[in-house]
Amino acid sequence: MNNQPITLRKIAAFVMLSSLLATLILSSVHTQAQAVVKTLVIGVISGVNSPTAHGVGLAVSRFNDRGNTVTPDGTAYKLSVTAQDANTAQEIATALNTLKAANAAVIFGPDRDDLAQASANTLQGIGLPLFTAATTTTIATGGNVFRTRADDTRMMSVLAQYLVNDLAKSKIAVFQGDPATAQRVTLFTTSMSQLGKAPATTVLQVAGGALSDSAKVLLGSQPDAVIAFGANDQAAQMLRELRGQGYNGLYVYPNAQDRPFVDALPVDLRLGIVGVTNWTYSLPTGVSSEFVRDYVALFGEVPTAESAAAYDAAGAAIIAIAKITAGRSAGTIQRKSPSTRGA
(Lines give C-alpha, C1' and ligand atoms only; values in the text may rest on other atoms or scores of the structure.)
Protein backbone atom coordinates (compact mmCIF):
# COMPACT_ATOMS: atom_id res chain seq x y z
CA MET A 1 0.00 0.00 0.00
CA ASN A 2 1.24 3.49 -0.84
CA ASN A 3 4.55 1.90 -1.87
CA GLN A 4 5.73 1.88 1.75
CA PRO A 5 8.31 -0.76 2.67
CA ILE A 6 7.21 -3.75 4.68
CA THR A 7 7.75 -3.55 8.43
CA LEU A 8 9.72 -6.53 9.73
CA ARG A 9 10.20 -7.32 13.40
CA LYS A 10 13.46 -9.17 12.86
CA ILE A 11 15.82 -7.94 10.18
CA ALA A 12 18.03 -10.97 10.77
CA ALA A 13 15.14 -13.27 9.91
CA PHE A 14 14.58 -11.36 6.68
CA VAL A 15 18.26 -11.68 5.74
CA MET A 16 18.17 -15.40 6.52
CA LEU A 17 15.01 -15.78 4.43
CA SER A 18 16.65 -13.94 1.53
CA SER A 19 19.65 -16.22 1.71
CA LEU A 20 17.46 -19.31 1.82
CA LEU A 21 15.40 -18.14 -1.13
CA ALA A 22 18.56 -17.37 -3.06
CA THR A 23 19.65 -20.96 -2.65
CA LEU A 24 16.31 -22.67 -3.16
CA ILE A 25 14.67 -20.48 -5.80
CA LEU A 26 17.28 -18.81 -7.93
CA SER A 27 19.49 -21.85 -8.21
CA SER A 28 16.43 -23.65 -9.55
CA VAL A 29 15.86 -20.84 -12.05
CA HIS A 30 19.38 -21.14 -13.41
CA THR A 31 19.03 -24.89 -13.87
CA GLN A 32 16.10 -24.11 -16.16
CA ALA A 33 17.91 -21.37 -18.07
CA GLN A 34 16.16 -22.07 -21.35
CA ALA A 35 12.74 -22.80 -19.92
CA VAL A 36 10.18 -20.02 -19.73
CA VAL A 37 8.33 -20.69 -16.48
CA LYS A 38 5.63 -18.08 -16.16
CA THR A 39 4.18 -18.98 -12.76
CA LEU A 40 5.84 -18.71 -9.37
CA VAL A 41 3.79 -20.77 -6.92
CA ILE A 42 3.22 -19.95 -3.27
CA GLY A 43 1.81 -23.00 -1.53
CA VAL A 44 -0.64 -23.00 1.37
CA ILE A 45 -1.48 -25.95 3.61
CA SER A 46 -5.13 -25.17 4.30
CA GLY A 47 -8.44 -24.87 2.55
CA VAL A 48 -8.71 -22.40 -0.32
CA ASN A 49 -11.01 -20.17 1.76
CA SER A 50 -8.96 -20.23 4.95
CA PRO A 51 -7.69 -17.00 6.54
CA THR A 52 -4.12 -17.89 5.60
CA ALA A 53 -4.95 -18.65 1.96
CA HIS A 54 -6.86 -15.37 1.73
CA GLY A 55 -4.06 -13.39 3.36
CA VAL A 56 -1.49 -14.82 0.96
CA GLY A 57 -3.93 -14.36 -1.91
CA LEU A 58 -4.34 -10.65 -1.25
CA ALA A 59 -0.57 -10.12 -1.12
CA VAL A 60 -0.14 -12.02 -4.38
CA SER A 61 -2.96 -10.05 -6.01
CA ARG A 62 -1.33 -6.76 -5.09
CA PHE A 63 2.07 -7.74 -6.39
CA ASN A 64 0.62 -9.09 -9.63
CA ASP A 65 -1.28 -5.84 -10.10
CA ARG A 66 2.07 -4.04 -10.20
CA GLY A 67 3.49 -6.23 -12.94
CA ASN A 68 5.56 -9.36 -13.37
CA THR A 69 8.52 -10.39 -11.26
CA VAL A 70 11.48 -10.79 -13.60
CA THR A 71 14.36 -13.12 -12.73
CA PRO A 72 17.98 -12.59 -13.83
CA ASP A 73 17.56 -14.83 -16.88
CA GLY A 74 14.81 -12.54 -18.18
CA THR A 75 11.87 -14.81 -17.37
CA ALA A 76 8.73 -12.96 -16.27
CA TYR A 77 6.77 -14.54 -13.44
CA LYS A 78 3.21 -14.15 -12.31
CA LEU A 79 2.64 -15.15 -8.70
CA SER A 80 0.07 -17.84 -7.98
CA VAL A 81 -1.43 -19.43 -4.85
CA THR A 82 -2.03 -23.18 -4.61
CA ALA A 83 -3.80 -24.56 -1.52
CA GLN A 84 -3.79 -28.13 -0.22
CA ASP A 85 -6.03 -28.85 2.75
CA ALA A 86 -4.69 -31.16 5.47
CA ASN A 87 -6.01 -32.16 8.89
CA THR A 88 -3.62 -34.89 10.00
CA ALA A 89 0.15 -35.27 10.13
CA GLN A 90 0.02 -37.73 7.23
CA GLU A 91 -2.12 -35.39 5.16
CA ILE A 92 0.36 -32.59 5.85
CA ALA A 93 3.23 -34.74 4.59
CA THR A 94 1.22 -35.49 1.45
CA ALA A 95 0.31 -31.82 0.99
CA LEU A 96 3.95 -30.76 1.34
CA ASN A 97 5.05 -33.25 -1.29
CA THR A 98 2.24 -32.15 -3.62
CA LEU A 99 3.18 -28.48 -3.25
CA LYS A 100 6.85 -29.24 -3.72
CA ALA A 101 6.03 -31.20 -6.88
CA ALA A 102 4.08 -28.15 -8.08
CA ASN A 103 7.35 -26.15 -7.80
CA ALA A 104 6.17 -24.05 -4.86
CA ALA A 105 8.83 -21.52 -3.93
CA VAL A 106 7.41 -20.82 -0.44
CA ILE A 107 4.89 -22.69 1.71
CA PHE A 108 2.49 -21.39 4.37
CA GLY A 109 1.08 -23.61 7.13
CA PRO A 110 0.07 -25.62 8.93
CA ASP A 111 -1.24 -23.06 11.41
CA ARG A 112 -2.93 -25.27 14.02
CA ASP A 113 -0.62 -25.82 16.97
CA ASP A 114 -1.33 -29.55 17.22
CA LEU A 115 -0.77 -30.21 13.51
CA ALA A 116 2.39 -28.12 13.35
CA GLN A 117 3.77 -29.92 16.38
CA ALA A 118 2.91 -33.36 15.02
CA SER A 119 4.58 -32.49 11.72
CA ALA A 120 7.64 -30.67 13.09
CA ASN A 121 10.25 -33.00 11.59
CA THR A 122 8.51 -33.07 8.22
CA LEU A 123 8.30 -29.26 8.13
CA GLN A 124 12.01 -28.86 8.81
CA GLY A 125 12.91 -31.48 6.23
CA ILE A 126 10.90 -30.15 3.29
CA GLY A 127 13.78 -27.95 2.15
CA LEU A 128 11.64 -24.87 1.33
CA PRO A 129 10.95 -21.67 3.26
CA LEU A 130 7.90 -22.45 5.39
CA PHE A 131 5.77 -20.00 7.39
CA THR A 132 3.47 -21.09 10.20
CA ALA A 133 1.07 -19.07 12.34
CA ALA A 134 1.26 -21.68 15.13
CA THR A 135 2.06 -19.96 18.43
CA THR A 136 3.01 -22.93 20.60
CA THR A 137 6.59 -22.81 21.82
CA THR A 138 7.00 -26.51 21.05
CA ILE A 139 7.46 -25.57 17.39
CA ALA A 140 11.13 -24.84 16.78
CA THR A 141 11.84 -22.09 14.28
CA GLY A 142 15.09 -21.57 12.43
CA GLY A 143 16.49 -23.24 9.37
CA ASN A 144 13.70 -23.05 6.82
CA VAL A 145 10.82 -22.61 9.33
CA PHE A 146 9.56 -19.11 10.16
CA ARG A 147 6.81 -18.04 12.55
CA THR A 148 4.37 -15.39 11.29
CA ARG A 149 3.02 -14.47 14.74
CA ALA A 150 4.52 -13.96 18.18
CA ASP A 151 4.72 -17.23 20.10
CA ASP A 152 2.81 -17.97 23.30
CA THR A 153 5.70 -16.89 25.52
CA ARG A 154 5.45 -13.35 24.19
CA MET A 155 1.65 -13.39 24.00
CA MET A 156 1.13 -14.52 27.60
CA SER A 157 3.83 -12.16 28.90
CA VAL A 158 2.19 -9.16 27.23
CA LEU A 159 -1.25 -10.21 28.48
CA ALA A 160 -0.03 -10.59 32.07
CA GLN A 161 1.70 -7.20 31.95
CA TYR A 162 -1.43 -5.54 30.62
CA LEU A 163 -3.65 -7.01 33.32
CA VAL A 164 -1.28 -6.40 36.22
CA ASN A 165 0.40 -3.14 35.24
CA ASP A 166 -2.05 -1.34 32.95
CA LEU A 167 -5.35 -2.47 34.48
CA ALA A 168 -4.00 -2.91 38.04
CA LYS A 169 -5.67 -6.28 38.54
CA SER A 170 -4.40 -8.01 41.67
CA LYS A 171 -6.73 -11.01 42.11
CA ILE A 172 -6.77 -12.93 38.85
CA ALA A 173 -8.52 -16.31 38.82
CA VAL A 174 -7.38 -18.80 36.18
CA PHE A 175 -9.60 -21.38 34.47
CA GLN A 176 -8.04 -24.23 32.46
CA GLY A 177 -10.79 -25.89 30.50
CA ASP A 178 -8.70 -28.26 28.40
CA PRO A 179 -5.41 -30.11 29.04
CA ALA A 180 -4.22 -28.85 25.65
CA THR A 181 -4.06 -25.33 27.10
CA ALA A 182 -1.75 -26.32 29.96
CA GLN A 183 1.30 -24.74 28.33
CA ARG A 184 -0.44 -21.40 27.93
CA VAL A 185 -1.62 -21.51 31.54
CA THR A 186 1.93 -22.19 32.73
CA LEU A 187 3.36 -19.38 30.60
CA PHE A 188 0.73 -16.94 31.87
CA THR A 189 1.16 -17.81 35.55
CA THR A 190 4.94 -17.68 35.16
CA SER A 191 4.63 -14.20 33.69
CA MET A 192 2.42 -13.20 36.62
CA SER A 193 5.03 -14.53 39.03
CA GLN A 194 7.70 -12.42 37.36
CA LEU A 195 5.46 -9.43 38.05
CA GLY A 196 5.19 -10.39 41.71
CA LYS A 197 1.67 -11.81 41.46
CA ALA A 198 0.12 -15.25 41.91
CA PRO A 199 -3.31 -16.45 40.70
CA ALA A 200 -6.12 -15.96 43.18
CA THR A 201 -7.04 -19.54 42.29
CA THR A 202 -6.54 -21.97 39.43
CA VAL A 203 -9.42 -24.23 38.44
CA LEU A 204 -8.91 -27.22 36.14
CA GLN A 205 -12.08 -28.44 34.47
CA VAL A 206 -12.76 -32.09 35.19
CA ALA A 207 -13.90 -34.17 32.21
CA GLY A 208 -17.67 -34.46 32.41
CA GLY A 209 -17.87 -31.87 35.17
CA ALA A 210 -20.29 -28.95 35.17
CA LEU A 211 -18.96 -25.54 34.16
CA SER A 212 -21.33 -24.01 36.70
CA ASP A 213 -19.37 -25.74 39.47
CA SER A 214 -16.07 -24.45 38.09
CA ALA A 215 -17.54 -20.93 37.89
CA LYS A 216 -18.61 -21.15 41.53
CA VAL A 217 -15.07 -22.10 42.63
CA LEU A 218 -13.57 -19.28 40.56
CA LEU A 219 -15.89 -16.75 42.17
CA GLY A 220 -15.10 -18.12 45.61
CA SER A 221 -11.67 -16.44 45.35
CA GLN A 222 -13.40 -13.05 44.89
CA PRO A 223 -11.41 -12.19 41.75
CA ASP A 224 -11.23 -8.81 40.04
CA ALA A 225 -10.45 -10.64 36.79
CA VAL A 226 -11.06 -14.16 35.45
CA ILE A 227 -8.97 -15.52 32.60
CA ALA A 228 -10.21 -18.58 30.72
CA PHE A 229 -8.13 -20.99 28.66
CA GLY A 230 -10.06 -23.46 26.53
CA ALA A 231 -12.10 -23.94 23.39
CA ASN A 232 -14.18 -21.07 22.02
CA ASP A 233 -17.55 -22.56 22.96
CA GLN A 234 -16.32 -23.50 26.42
CA ALA A 235 -14.95 -20.00 27.07
CA ALA A 236 -18.24 -18.48 25.91
CA GLN A 237 -20.24 -20.75 28.19
CA MET A 238 -17.97 -19.95 31.14
CA LEU A 239 -18.67 -16.26 30.67
CA ARG A 240 -22.40 -17.01 30.65
CA GLU A 241 -22.03 -18.99 33.89
CA LEU A 242 -20.01 -16.28 35.62
CA ARG A 243 -22.42 -13.50 34.67
CA GLY A 244 -25.34 -15.71 35.66
CA GLN A 245 -23.81 -16.13 39.12
CA GLY A 246 -23.45 -12.37 39.57
CA TYR A 247 -19.86 -11.76 38.49
CA ASN A 248 -19.41 -8.26 37.05
CA GLY A 249 -15.63 -8.13 36.90
CA LEU A 250 -13.24 -8.34 33.97
CA TYR A 251 -13.36 -11.42 31.76
CA VAL A 252 -10.23 -12.39 29.83
CA TYR A 253 -10.02 -14.87 26.98
CA PRO A 254 -6.76 -14.92 24.99
CA ASN A 255 -8.61 -15.78 21.77
CA ALA A 256 -11.34 -13.18 22.29
CA GLN A 257 -11.12 -12.11 18.64
CA ASP A 258 -12.03 -15.58 17.32
CA ARG A 259 -15.29 -15.37 15.39
CA PRO A 260 -16.75 -18.62 16.81
CA PHE A 261 -16.24 -17.26 20.35
CA VAL A 262 -17.95 -13.98 19.51
CA ASP A 263 -20.81 -15.73 17.71
CA ALA A 264 -21.41 -17.98 20.73
CA LEU A 265 -22.20 -14.95 22.93
CA PRO A 266 -25.33 -12.81 23.04
CA VAL A 267 -24.69 -9.21 22.03
CA ASP A 268 -25.02 -7.90 25.58
CA LEU A 269 -22.09 -10.06 26.77
CA ARG A 270 -19.62 -9.18 24.00
CA LEU A 271 -18.31 -5.88 25.31
CA GLY A 272 -15.35 -5.43 27.64
CA ILE A 273 -13.64 -8.79 27.06
CA VAL A 274 -9.85 -8.67 27.01
CA GLY A 275 -7.76 -10.84 24.67
CA VAL A 276 -4.34 -10.84 23.03
CA THR A 277 -3.53 -10.97 19.33
CA ASN A 278 -0.92 -9.97 16.78
CA TRP A 279 -3.43 -7.72 15.00
CA THR A 280 -7.03 -6.60 15.09
CA TYR A 281 -9.17 -5.27 12.24
CA SER A 282 -10.03 -2.16 14.28
CA LEU A 283 -6.39 -1.05 14.42
CA PRO A 284 -6.61 2.71 13.70
CA THR A 285 -3.87 3.13 11.11
CA GLY A 286 -4.17 4.03 7.46
CA VAL A 287 -2.22 1.01 6.25
CA SER A 288 -4.31 -1.39 8.33
CA SER A 289 -7.57 0.23 7.23
CA GLU A 290 -6.60 -0.15 3.57
CA PHE A 291 -5.73 -3.79 4.18
CA VAL A 292 -9.16 -4.42 5.71
CA ARG A 293 -10.90 -2.55 2.89
CA ASP A 294 -9.18 -4.51 0.14
CA TYR A 295 -9.54 -7.84 1.94
CA VAL A 296 -13.29 -7.35 2.39
CA ALA A 297 -13.64 -6.25 -1.23
CA LEU A 298 -11.81 -9.34 -2.49
CA PHE A 299 -13.21 -12.01 -0.16
CA GLY A 300 -16.41 -10.56 1.29
CA GLU A 301 -15.39 -11.11 4.90
CA VAL A 302 -13.39 -9.38 7.63
CA PRO A 303 -9.75 -10.51 7.91
CA THR A 304 -8.51 -12.32 10.98
CA ALA A 305 -5.20 -12.08 12.80
CA GLU A 306 -4.03 -15.12 10.84
CA SER A 307 -5.00 -13.39 7.58
CA ALA A 308 -2.92 -10.36 8.49
CA ALA A 309 0.05 -12.49 9.57
CA ALA A 310 -0.05 -14.45 6.31
CA TYR A 311 -0.36 -11.25 4.30
CA ASP A 312 2.67 -9.69 6.00
CA ALA A 313 4.78 -12.82 5.69
CA ALA A 314 3.85 -13.35 2.04
CA GLY A 315 4.87 -9.78 1.35
CA ALA A 316 8.19 -10.37 3.09
CA ALA A 317 8.84 -13.50 1.03
CA ILE A 318 7.96 -11.83 -2.26
CA ILE A 319 10.08 -8.77 -1.44
CA ALA A 320 12.95 -11.09 -0.55
CA ILE A 321 12.65 -12.74 -3.96
CA ALA A 322 12.59 -9.33 -5.63
CA LYS A 323 15.63 -8.14 -3.69
CA ILE A 324 17.55 -11.29 -4.60
CA THR A 325 16.76 -10.91 -8.28
CA ALA A 326 17.49 -7.20 -8.21
CA GLY A 327 20.81 -7.86 -6.53
CA ARG A 328 21.74 -10.61 -8.95
CA SER A 329 20.73 -8.63 -12.05
CA ALA A 330 20.44 -4.87 -11.61
CA GLY A 331 17.46 -3.31 -13.34
CA THR A 332 15.45 -6.49 -13.87
CA ILE A 333 12.86 -5.47 -11.28
CA GLN A 334 11.16 -2.39 -12.67
CA ARG A 335 8.34 -2.00 -10.15
CA LYS A 336 8.20 -0.86 -6.56
CA SER A 337 6.94 -3.47 -4.17
CA PRO A 338 3.55 -2.67 -2.62
CA SER A 339 3.85 -2.72 1.13
CA THR A 340 2.01 -5.06 3.41
CA ARG A 341 -0.22 -4.03 6.27
CA GLY A 342 2.64 -3.50 8.72
CA ALA A 343 3.67 -5.40 11.82
# chains A, B, ... in the order shown; residues from 1 in each chain; ligands from 1

$ select_by_dssp --residues "range 62-311 of chain A" --states "strand (DSSP E)" --output "JSON, numbers by chain"
{"A": [69, 70, 76, 77, 78, 79, 80, 81, 82, 83, 104, 105, 106, 107, 108, 130, 131, 132, 145, 146, 147, 172, 173, 174, 175, 176, 201, 202, 203, 204, 225, 226, 227, 228, 229, 250, 251, 252]}

$ atom_distance --atom1 "CA of Ser214 in chain A" --atom2 "CA of Thr136 in chain A"
25.9 Å

$ residues_around --residues "Thr186 in chain A" --least-positions-apart "2" --cutoff "12 Å" --atoms "only C-alpha atoms" --output "PyMOL selection string"
chain A and resi 137+152-153+156-157+160+174-176+179-184+188-193+198-199+202+229

$ residues_around --residues "range 114-131 of chain A" --least-positions-apart "4" --cutoff "10 Å" --atoms "only C-alpha atoms" --output "PyMOL selection string"
chain A and resi 17-18+20-21+23-25+43-44+86-93+96-97+100+104-110+135-149+180+309-310+313-314+317

$ residues_around --residues "Leu283 in chain A" --least-positions-apart "2" --cutoff "12 Å" --atoms "only C-alpha atoms" --output "list in words"
Thr277, Asn278, Trp279, Thr280, Tyr281, Thr285, Gly286, Val287, Ser288, Ser289, Glu290, Phe291, Val292, Pro303, Thr304, Ala305, Ala308, Arg341, Gly342 and Ala343 of chain A
